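Below is upload_39.csv, holding CSV, C-alpha atoms.
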chain,number,residue,atom,x,y,z
A,1,MET,CA,-5.0,20.3,15.1
A,2,SER,CA,-1.8,21.8,16.5
A,3,LYS,CA,1.5,20.0,16.2
A,4,GLN,CA,1.3,19.0,19.9
A,5,ALA,CA,-2.1,17.4,19.3
A,6,GLU,CA,-1.3,15.5,16.2
A,7,ARG,CA,1.8,13.7,14.9
A,8,SER,CA,2.6,11.9,11.7
A,9,LEU,CA,2.8,8.1,11.5
A,10,THR,CA,4.2,7.0,8.1
A,11,ILE,CA,4.6,3.5,6.8
A,12,LEU,CA,6.8,3.5,3.7
A,13,VAL,CA,6.5,0.3,1.6
A,14,MET,CA,9.1,0.0,-1.2
A,15,ASP,CA,9.4,-2.4,-4.1
A,16,VAL,CA,12.9,-3.9,-4.2
A,17,SER,CA,12.2,-7.0,-6.2
A,18,PRO,CA,15.6,-8.3,-7.7
A,19,VAL,CA,14.0,-9.4,-11.0
A,20,THR,CA,12.4,-6.0,-11.6
A,21,TRP,CA,15.4,-3.9,-10.7
A,22,GLY,CA,17.8,-6.3,-12.4
A,23,LYS,CA,16.1,-5.7,-15.7
A,24,ARG,CA,16.3,-1.9,-15.1
A,25,GLU,CA,20.0,-2.2,-14.2
A,26,PHE,CA,20.7,-4.0,-17.5
A,27,ILE,CA,18.8,-1.4,-19.6
A,28,ARG,CA,20.5,1.4,-17.6
A,29,ASN,CA,24.0,0.0,-18.2
A,30,ARG,CA,23.4,-0.5,-21.9
A,31,ARG,CA,22.0,3.1,-22.4
A,32,ASP,CA,24.8,4.6,-20.3
A,33,LYS,CA,27.4,2.9,-22.4
A,34,GLU,CA,25.9,4.2,-25.6
A,35,ARG,CA,25.7,7.7,-24.3
A,36,SER,CA,29.1,7.7,-22.7
A,37,GLU,CA,30.6,7.0,-26.2
A,38,LYS,CA,29.0,10.3,-27.3
A,39,GLY,CA,30.1,12.2,-24.2
A,40,LYS,CA,26.7,12.4,-22.7
A,41,GLY,CA,25.5,11.5,-19.2
A,42,THR,CA,22.8,9.1,-18.0
A,43,ILE,CA,19.2,9.8,-18.5
A,44,GLY,CA,17.9,6.8,-16.5
A,45,PRO,CA,16.1,4.6,-15.8
A,46,ALA,CA,16.5,4.6,-12.1
A,47,ASN,CA,18.3,1.6,-10.5
A,48,LEU,CA,18.0,0.2,-7.0
A,49,ASP,CA,20.8,2.4,-5.7
A,50,ASP,CA,18.8,5.5,-6.9
A,51,LEU,CA,15.7,4.2,-5.1
A,52,LEU,CA,17.6,3.5,-1.8
A,53,SER,CA,19.3,6.9,-2.0
A,54,ALA,CA,16.0,8.6,-2.5
A,55,VAL,CA,14.4,6.7,0.5
A,56,GLN,CA,17.4,7.6,2.6
A,57,ALA,CA,17.0,11.3,1.8
A,58,PHE,CA,13.3,11.1,2.5
A,59,SER,CA,13.9,9.4,5.8
A,60,SER,CA,16.5,11.9,6.9
A,61,ALA,CA,14.4,14.9,6.0
A,62,TYR,CA,11.3,13.3,7.7
A,63,SER,CA,13.2,12.6,10.9
A,64,SER,CA,14.7,16.0,10.9
A,65,LEU,CA,11.5,17.9,10.4
A,66,GLU,CA,9.3,15.7,12.6
A,67,ARG,CA,11.5,14.0,15.2
A,68,ASP,CA,8.5,13.4,17.5
A,69,SER,CA,6.7,11.5,14.7
A,70,ALA,CA,7.1,7.8,13.7
A,71,LEU,CA,8.4,6.2,10.5
A,72,ILE,CA,8.4,2.4,9.7
A,73,LEU,CA,10.0,1.0,6.5
A,74,VAL,CA,8.7,-2.1,4.8
A,75,GLY,CA,10.5,-3.9,1.9
A,76,VAL,CA,8.8,-6.1,-0.7
A,77,ALA,CA,10.9,-8.3,-2.9
A,78,GLY,CA,8.9,-10.8,-5.1
A,79,SER,CA,6.8,-12.8,-2.7
A,80,GLU,CA,9.0,-11.8,0.3
A,81,VAL,CA,7.9,-9.0,2.6
A,82,ALA,CA,9.8,-7.7,5.7
A,83,VAL,CA,9.9,-4.8,8.0
A,84,VAL,CA,13.4,-3.3,7.5
A,85,HIS,CA,13.1,-0.6,10.1
A,86,PRO,CA,12.9,-1.1,13.0
A,87,ARG,CA,14.8,-4.4,12.9
A,88,LYS,CA,13.4,-7.5,14.3
A,89,ASP,CA,15.4,-7.3,17.5
A,90,ASP,CA,14.2,-3.7,18.1
A,91,MET,CA,10.6,-4.2,17.1
A,92,GLU,CA,9.2,-4.9,20.6
A,93,GLU,CA,11.0,-2.0,22.2
A,94,TYR,CA,9.9,0.3,19.3
A,95,PHE,CA,6.2,-0.4,19.9
A,96,ASN,CA,6.5,-0.3,23.6
A,97,ASN,CA,8.0,3.2,23.4
A,98,PRO,CA,6.2,4.9,20.6
A,99,GLU,CA,7.0,8.3,22.0
A,100,SER,CA,10.8,7.9,21.4
A,101,LYS,CA,12.5,10.3,19.0
A,102,LEU,CA,13.5,9.3,15.5
A,103,ASP,CA,17.1,8.4,15.0
A,104,SER,CA,18.2,9.2,11.4
A,105,ARG,CA,21.5,7.2,11.6
A,106,LYS,CA,19.6,4.2,12.9
A,107,ILE,CA,17.1,4.4,10.1
A,108,GLN,CA,19.8,4.6,7.4
A,109,SER,CA,21.7,1.6,8.7
A,110,ASP,CA,18.5,-0.5,9.2
A,111,LEU,CA,17.4,0.4,5.7
A,112,LEU,CA,20.5,-0.8,3.9
A,113,GLU,CA,21.0,-3.9,6.1
A,114,GLY,CA,17.3,-4.9,5.9
A,115,VAL,CA,17.0,-4.5,2.1
A,116,ALA,CA,20.3,-6.4,1.5
A,117,GLU,CA,18.9,-9.4,3.5
A,118,LEU,CA,15.5,-9.2,1.8
A,119,VAL,CA,16.9,-9.0,-1.7
A,120,ALA,CA,19.3,-11.9,-1.0
A,121,ARG,CA,16.5,-14.0,0.4
A,122,ALA,CA,14.2,-13.3,-2.6
A,123,ALA,CA,17.0,-13.9,-5.1
A,124,ALA,CA,17.8,-17.2,-3.5
A,125,LYS,CA,14.2,-18.3,-3.6
A,126,GLN,CA,13.9,-17.2,-7.3
A,127,SER,CA,17.0,-19.1,-8.3
A,128,SER,CA,15.9,-22.2,-6.5
A,129,GLY,CA,12.7,-22.3,-8.5
A,130,LEU,CA,10.4,-22.0,-5.6
A,131,ALA,CA,9.0,-18.7,-6.8
A,132,GLY,CA,8.5,-20.0,-10.3
A,133,LYS,CA,5.6,-22.3,-9.1
A,134,GLY,CA,3.4,-19.2,-8.9
A,135,GLY,CA,3.6,-18.4,-12.6
A,136,PRO,CA,5.0,-15.3,-14.3
A,137,SER,CA,3.6,-12.9,-11.7
A,138,SER,CA,5.6,-14.7,-8.9
A,139,SER,CA,8.7,-12.5,-9.6
A,140,LEU,CA,6.6,-9.3,-9.3
A,141,ALA,CA,6.3,-7.5,-6.0
A,142,ALA,CA,3.6,-8.6,-3.7
A,143,MET,CA,2.5,-5.1,-3.0
A,144,ALA,CA,-0.8,-6.2,-1.6
A,145,SER,CA,1.1,-8.1,1.1
A,146,GLY,CA,3.1,-5.0,1.9
A,147,PHE,CA,0.0,-2.9,2.0
A,148,SER,CA,-1.7,-5.3,4.4
A,149,ILE,CA,1.3,-5.4,6.7
A,150,ALA,CA,1.4,-1.6,6.7
A,151,LEU,CA,-2.3,-1.5,7.9
A,152,CYS,CA,-1.4,-4.0,10.6
A,153,LEU,CA,1.6,-2.0,11.7
A,154,ILE,CA,-0.6,1.1,12.0
A,155,ASN,CA,-3.1,-0.6,14.1
A,156,ARG,CA,-0.4,-2.2,16.3
A,157,PHE,CA,1.2,1.2,16.8
A,158,LEU,CA,-2.1,2.9,17.7
A,159,VAL,CA,-2.8,0.1,20.1
A,160,ALA,CA,0.6,0.7,21.8
A,161,THR,CA,-0.3,4.3,22.2
A,162,ASN,CA,-3.8,3.5,23.5
A,163,ALA,CA,-5.4,4.9,20.4
A,164,GLY,CA,-6.4,1.7,18.7
A,165,VAL,CA,-8.5,-1.4,19.2
A,166,SER,CA,-7.0,-4.8,19.8
A,167,ALA,CA,-8.6,-8.2,20.1
A,168,LEU,CA,-6.2,-9.0,22.9
A,169,ARG,CA,-7.3,-6.0,25.0
A,170,ASP,CA,-8.0,-6.6,28.6
A,171,HIS,CA,-11.5,-7.8,29.0
A,172,ASP,CA,-12.2,-5.2,31.8
A,173,SER,CA,-11.9,-2.4,29.3
A,174,TRP,CA,-14.9,-3.7,27.4
A,175,SER,CA,-17.1,-4.0,30.4
A,176,ARG,CA,-20.2,-1.8,30.4
A,177,GLY,CA,-20.3,-1.2,34.1
A,178,ASP,CA,-23.6,0.7,34.3
A,179,GLY,CA,-25.2,-1.3,31.5
A,180,SER,CA,-24.6,1.4,28.9
A,181,ASP,CA,-22.1,1.4,25.9
A,182,GLN,CA,-19.6,3.5,27.8
A,183,GLY,CA,-17.1,0.5,28.0
A,184,ILE,CA,-17.2,0.0,24.2
A,185,ILE,CA,-16.8,3.8,23.5
A,186,THR,CA,-14.0,4.0,26.0
A,187,ALA,CA,-12.0,1.2,24.3
A,188,LEU,CA,-12.6,2.6,20.8
A,189,SER,CA,-11.5,6.1,21.8
A,190,GLY,CA,-8.3,4.8,23.4
A,191,THR,CA,-9.0,5.7,27.0
A,192,GLY,CA,-8.7,3.5,30.1
A,193,GLY,CA,-11.4,1.6,31.8
A,194,GLY,CA,-12.2,4.6,34.1
A,195,GLY,CA,-13.0,6.9,31.2
A,196,LYS,CA,-9.9,9.1,31.7
A,197,PRO,CA,-7.4,9.4,28.8
A,198,ALA,CA,-4.4,7.2,29.2
A,199,ALA,CA,-1.0,8.7,29.8
A,200,LYS,CA,0.4,7.8,26.4
A,201,ALA,CA,-2.8,8.7,24.4
A,202,ARG,CA,-1.9,11.0,21.6
A,203,ALA,CA,-3.5,11.9,18.3
A,204,TRP,CA,-1.7,10.4,15.3
A,205,SER,CA,-2.2,11.1,11.6
A,206,PRO,CA,-1.4,7.7,9.8
A,207,ARG,CA,-0.5,7.4,6.2
A,208,ILE,CA,1.0,4.8,3.9
A,209,PHE,CA,3.4,5.5,1.1
A,210,LEU,CA,3.7,2.8,-1.6
A,211,ILE,CA,6.7,2.9,-4.0
A,212,GLN,CA,6.1,0.4,-6.7
A,213,ALA,CA,8.4,-0.5,-9.7
A,214,SER,CA,6.9,-3.9,-10.7
A,215,ASP,CA,3.7,-4.4,-12.7
A,216,ASP,CA,0.5,-5.1,-10.8
A,217,ARG,CA,0.0,-8.8,-9.9
A,218,PRO,CA,-3.4,-9.7,-11.3
A,219,SER,CA,-3.9,-12.3,-8.6
A,220,ASP,CA,-3.6,-9.6,-5.9
A,221,TYR,CA,-6.5,-7.5,-7.1
A,222,ASN,CA,-9.0,-8.8,-4.5
A,223,ALA,CA,-6.6,-8.5,-1.6
A,224,PHE,CA,-5.5,-5.0,-2.8
A,225,MET,CA,-9.0,-3.7,-2.9
A,226,ASN,CA,-9.8,-5.1,0.5
A,227,CYS,CA,-6.8,-3.2,1.9
A,228,VAL,CA,-8.2,0.0,0.2
A,229,PHE,CA,-11.6,-0.4,1.8
A,230,ALA,CA,-9.9,-1.0,5.2
A,231,ALA,CA,-7.7,2.2,4.7
A,232,VAL,CA,-10.8,4.3,3.8
A,233,LYS,CA,-12.6,2.9,6.9
A,234,GLN,CA,-9.7,3.8,9.2
A,235,ASN,CA,-9.1,7.2,7.5
A,236,VAL,CA,-5.6,6.2,6.4
A,237,VAL,CA,-4.3,8.2,3.4
A,238,VAL,CA,-2.3,6.2,0.9
A,239,ASP,CA,0.2,7.9,-1.4
A,240,GLY,CA,1.7,6.2,-4.4
A,241,CYS,CA,4.9,6.5,-6.5
A,242,PHE,CA,5.0,4.3,-9.6
A,243,VAL,CA,8.5,4.2,-11.1
A,244,VAL,CA,7.6,3.7,-14.7
A,245,ASP,CA,9.0,0.8,-16.7
A,246,PRO,CA,11.9,2.0,-19.0
A,247,THR,CA,10.6,-0.1,-21.9
A,248,GLY,CA,7.4,1.9,-21.9
A,249,LYS,CA,5.3,-1.3,-21.8
A,250,THR,CA,3.7,-0.4,-18.5
A,251,LYS,CA,3.2,3.3,-17.8
A,252,THR,CA,1.0,3.2,-14.7
A,253,SER,CA,-0.5,1.0,-12.0
A,254,PRO,CA,-4.3,0.8,-12.0
A,255,TYR,CA,-4.2,-0.5,-8.5
A,256,LEU,CA,-2.2,2.5,-7.3
A,257,GLU,CA,-4.4,4.9,-9.2
A,258,GLN,CA,-7.6,3.5,-7.6
A,259,THR,CA,-6.0,3.4,-4.2
A,260,CYS,CA,-4.7,6.9,-4.1
A,261,ASP,CA,-8.0,8.3,-5.5
A,262,LEU,CA,-10.2,6.5,-3.1
A,263,THR,CA,-8.1,7.3,0.0
A,264,GLY,CA,-7.4,10.9,-1.0
A,265,GLY,CA,-3.6,10.4,-1.5
A,266,LEU,CA,-1.1,11.7,-4.0
A,267,LEU,CA,0.2,9.8,-7.0
A,268,SER,CA,3.4,10.4,-9.0
A,269,LYS,CA,4.6,8.4,-12.0
A,270,PRO,CA,8.2,9.5,-12.8
A,271,ILE,CA,9.4,8.4,-16.2
A,272,GLY,CA,12.7,8.7,-18.1
A,273,SER,CA,15.2,11.3,-16.9
A,274,SER,CA,12.9,12.2,-14.0
A,275,GLN,CA,14.1,9.0,-12.3
A,276,SER,CA,17.8,9.6,-12.4
A,277,ASN,CA,20.4,12.2,-11.4
A,278,LYS,CA,18.7,12.6,-8.0
A,279,ALA,CA,15.4,13.5,-9.7
A,280,LEU,CA,13.7,10.6,-7.8
A,281,THR,CA,14.9,12.1,-4.5
A,282,GLU,CA,13.5,15.5,-5.5
A,283,ILE,CA,10.1,14.0,-6.2
A,284,LEU,CA,10.0,12.2,-2.8
A,285,LEU,CA,11.0,15.3,-0.9
A,286,SER,CA,8.9,17.9,-2.8
A,287,VAL,CA,5.7,15.8,-3.3
A,288,PHE,CA,5.5,13.2,-0.5
A,289,LEU,CA,7.4,14.7,2.4
A,290,PRO,CA,4.8,17.4,3.4
A,291,PRO,CA,2.4,16.1,6.1
A,292,ARG,CA,-1.3,15.7,5.5
A,293,SER,CA,-2.1,18.9,7.5
A,294,SER,CA,-0.1,21.1,5.1
A,295,ARG,CA,-1.2,19.7,1.8
A,296,PRO,CA,-4.3,21.9,1.3
A,297,ARG,CA,-1.9,24.9,1.2
A,298,LEU,CA,0.5,23.4,-1.3
A,299,ASN,CA,0.2,23.1,-5.1
A,300,LEU,CA,0.7,19.3,-5.3
A,301,PRO,CA,0.0,17.1,-8.3
A,302,GLY,CA,-3.5,15.7,-8.6
A,303,ILE,CA,-4.8,12.5,-10.1
A,304,ASP,CA,-6.2,13.5,-13.5
A,305,ASP,CA,-7.1,10.1,-15.0
A,306,VAL,CA,-7.9,7.0,-13.0
A,307,ASP,CA,-8.5,3.6,-14.6
A,308,PHE,CA,-11.4,2.2,-12.5
A,309,ARG,CA,-11.8,-1.0,-14.6
A,310,PRO,CA,-11.9,-4.0,-12.3
A,311,ARG,CA,-10.1,-7.3,-12.9
A,312,SER,CA,-12.0,-10.6,-13.4
A,313,PHE,CA,-11.5,-12.9,-10.4
A,314,ASP,CA,-11.0,-15.9,-12.6
A,315,THR,CA,-9.3,-14.7,-15.9
A,316,ARG,CA,-7.5,-11.7,-14.3
A,317,ALA,CA,-8.5,-9.6,-17.3
A,318,LEU,CA,-9.4,-5.9,-17.1
A,319,LEU,CA,-13.1,-5.5,-17.7
A,320,LYS,CA,-15.5,-2.7,-18.8
A,321,ILE,CA,-18.6,-4.8,-18.4
A,322,ALA,CA,-18.7,-7.7,-15.9
A,323,PHE,CA,-20.9,-10.1,-14.0
A,324,VAL,CA,-21.0,-9.5,-10.2
A,325,CYS,CA,-22.1,-12.0,-7.6
A,326,ASN,CA,-24.8,-10.4,-5.4
A,327,GLN,CA,-23.5,-12.4,-2.4
A,328,CYS,CA,-19.7,-11.8,-2.3
A,329,LEU,CA,-19.4,-9.1,-5.0
A,330,SER,CA,-16.9,-11.2,-7.0
A,331,ILE,CA,-16.3,-10.0,-10.5
A,332,PHE,CA,-16.3,-12.3,-13.6
A,333,GLU,CA,-15.8,-11.9,-17.3
A,334,THR,CA,-18.4,-14.5,-18.1
A,335,LYS,CA,-21.5,-15.4,-16.1
A,336,PRO,CA,-20.8,-18.4,-13.8
A,337,VAL,CA,-22.9,-21.5,-14.3
A,338,GLY,CA,-24.5,-23.1,-11.3
A,339,THR,CA,-22.7,-21.6,-8.4
A,340,CYS,CA,-20.3,-18.7,-7.7
A,341,PRO,CA,-16.7,-19.9,-7.9
A,342,THR,CA,-15.8,-17.7,-4.9
A,343,CYS,CA,-18.5,-18.1,-2.3
A,344,GLY,CA,-20.5,-21.0,-3.7
A,345,ALA,CA,-23.8,-19.1,-3.8
A,346,GLU,CA,-26.4,-20.5,-6.2
A,347,ILE,CA,-26.7,-18.6,-9.5
A,348,ARG,CA,-30.4,-17.8,-10.1
A,349,LEU,CA,-31.8,-16.3,-13.2
A,350,PRO,CA,-33.9,-13.1,-12.8
A,351,ALA,CA,-37.7,-13.6,-12.8
A,352,ALA,CA,-39.5,-12.9,-16.0
A,353,PRO,CA,-41.2,-9.5,-16.4
A,354,GLY,CA,-44.6,-9.5,-14.7
A,355,GLY,CA,-43.8,-12.5,-12.5
A,356,SER,CA,-45.7,-15.7,-12.0
A,357,GLY,CA,-48.7,-13.8,-10.8
A,358,SER,CA,-49.2,-12.1,-14.2
A,359,GLY,CA,-48.9,-15.4,-16.0
A,360,GLN,CA,-51.6,-17.0,-13.9
A,361,ALA,CA,-53.9,-14.0,-14.5
A,362,ALA,CA,-53.4,-14.3,-18.2
A,363,LYS,CA,-54.2,-18.1,-18.1
A,364,LYS,CA,-57.4,-17.3,-16.2
A,365,ALA,CA,-58.3,-14.6,-18.8
A,366,ARG,CA,-57.9,-17.1,-21.6
A,367,ARG,CA,-60.0,-19.7,-19.9
A,368,GLY,CA,-62.8,-17.1,-19.4
Give the structure from this file in structure tokens form.
Amino acid sequence: MSKQAERSLTILVMDVSPVTWGKREFIRNRRDKERSEKGKGTIGPANLDDLLSAVQAFSSAYSSLERDSALILVGVAGSEVAVVHPRKDDMEEYFNNPESKLDSRKIQSDLLEGVAELVARAAAKQSSGLAGKGGPSSSLAAMASGFSIALCLINRFLVATNAGVSALRDHDSWSRGDGSDQGIITALSGTGGGGKPAAKARAWSPRIFLIQASDDRPSDYNAFMNCVFAAVKQNVVVDGCFVVDPTGKTKTSPYLEQTCDLTGGLLSKPIGSSQSNKALTEILLSVFLPPRSSRPRLNLPGIDDVDFRPRSFDTRALLKIAFVCNQCLSIFETKPVGTCPTCGAEIRLPAAPGGSGSGQAAKKARRG
């Protein structure tokens, strides 16, 4: 499609969890002090300022290259998730006027203000002990929640441009009129009840960009995979950038790997010095800034190795061989007894080879 026919809609979800970035800041300060004594500069890891600087540069470049496109920023801090741009007071106007041009200065100010409020709220919740009730993973970023909100924002935006489907749509738009399915087709295609395209109808190319620094939350596996299936169904490309743990304990995110591979997105895992000295900014601009339409013509990094091992729904362990419920497709490390813990379906043993009919025939043969 031409640029007039298709425009980019990007939802950027960033992990700004205070616990995760606080640990990185501590390691960064310790390493910088040791290197400064030897007259050397920093080699990372990235801190929260580096991340925000990179996102600011990405947003500025995005708004400069594609002013007639749309960009929404979502922050995730522990279990807290919030849309940082547009701000709450501007949200309704933003969705009512999706054709408005991007304002780079507004994006920058909203980003810093929104992240500061989100981090403060998450830190207060963590210090009060409310987050600790969820176990060790409660301080990790709820990326599944951010992913889910991103999908909702995409649908809301498309509905605002008459290119999506809403449960609150006027009942008249679903009427069949002549008894055919024209009303349903009209609503799905984003046209008015008369079959003519609406004035605001435009073709949008939606994508989600996930920037994650925390480890995967095992309890989010089911929700994360459901979001992946929804993204595939809606043809939403999901890109991922996993800022690798400086301790080397966690070098990748299996969730992001599977998500990017299944949705046809890009994945980058910067480590060490590739996170600092504006290197993170270069990665965001060179790898993730180009729109979907131009990617086939660029030499972008592919996903070489994907860990497709699922997690057990009860023990949260990564599995190579598992038991799967044939009703709800829940995954378990050990075979459930009696009923499925997820859906309550009765666990039945498979029939013996030959079935009951063969057994009765054998008995008759012995009697004869």
Note to self: Applying 6 Å and all atoms listed in the file, which residues near Ile208 (chain A) remain after dropping the ones on its own chain fewer than 3 positions away? List them as a PyMOL selection string.
What the structure shows: chain A and resi 10-12+238
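For the choices A:Cys328, A:Phe58, A:Phe229, A:Phe147, the atom-to-atom distance to Thr342 (chain A) is smallest for A:Cys328 when using all atoms listed in the file.
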Notebook entry, point to check: Any idea what's packed within 8 Å of Asp307 (chain A), counting all atoms listed in the file, ignoring anything in its chain fewer than 4 positions away? Could you give it as a list in words?
Noted result: Pro254, Glu257 and Gln258 of chain A
Can I get the selection written as a tab-separated table (two decimals), keeping the file's coordinate frame, with C-alpha atoms?
chain	number	residue	atom	x	y	z
A	254	PRO	CA	-4.30	0.80	-12.00
A	257	GLU	CA	-4.40	4.90	-9.20
A	258	GLN	CA	-7.60	3.50	-7.60
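CA of Asp215 (chain A) is found 24.9 Å from CA of Thr334 (chain A).
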Checklist line | For CA of Asn47 (chain A) and CA of Arg28 (chain A), the interatomic separation in Å (one decimal) | finding: 7.4 Å
Notebook entry, point to check: How many Å lie between CA of Asp216 (chain A) and CA of Ile283 (chain A), rounded to one decimal?
Noted result: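 Separating CA of Asp216 (chain A) from CA of Ile283 (chain A) is a distance of 21.9 Å.
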Item checked: Test item: residues at most 12 Å from Gln275 (chain A), all atoms listed in the file, excluding those fewer than 3 positions along its chain, as a count of residues only -> 33
Next item on the list: For Leu140 (chain A), list every protein, DNA or RNA residue within 7 Å, evaluated using only C-alpha atoms, and leave out those in the same chain fewer than 5 positions away; present the list as a list of chain:residue names.
Entry: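 Non-adjacent residues within range: A:Ser17, A:Gly78, A:Ser214, A:Asp215, A:Arg217.
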Next item on the list: Point out the residue among A:Arg207, A:His85, A:Lys320, A:Lys249 with the least atom-to-atom distance to Val236 (chain A), counting all atoms listed in the file.
Entry: A:Arg207
Item checked: Minimum-distance residue to Asn226 (chain A), chosen among A:Thr259, A:Thr252, A:Gln56, A:Asn277 (using only C-alpha atoms) ->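 The answer is A:Thr259, which sits nearest to Asn226 (chain A).
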Item checked: Selection near Val337 (chain A), 7 Å with all atoms listed in the file, sequence-local residues under 2 positions removed, as a ChimeraX atom specification -> /A:335,339,347
Next item on the list: In the coordinate frame of the file, compute which residues have an atom within 10 Å of (10.8, -9.4, -8.2) when using all atoms listed in the file, and state them as a ChimeraX atom specification.
Entry: /A:15-23,76-80,119,122-123,126,131,137-142,213-215
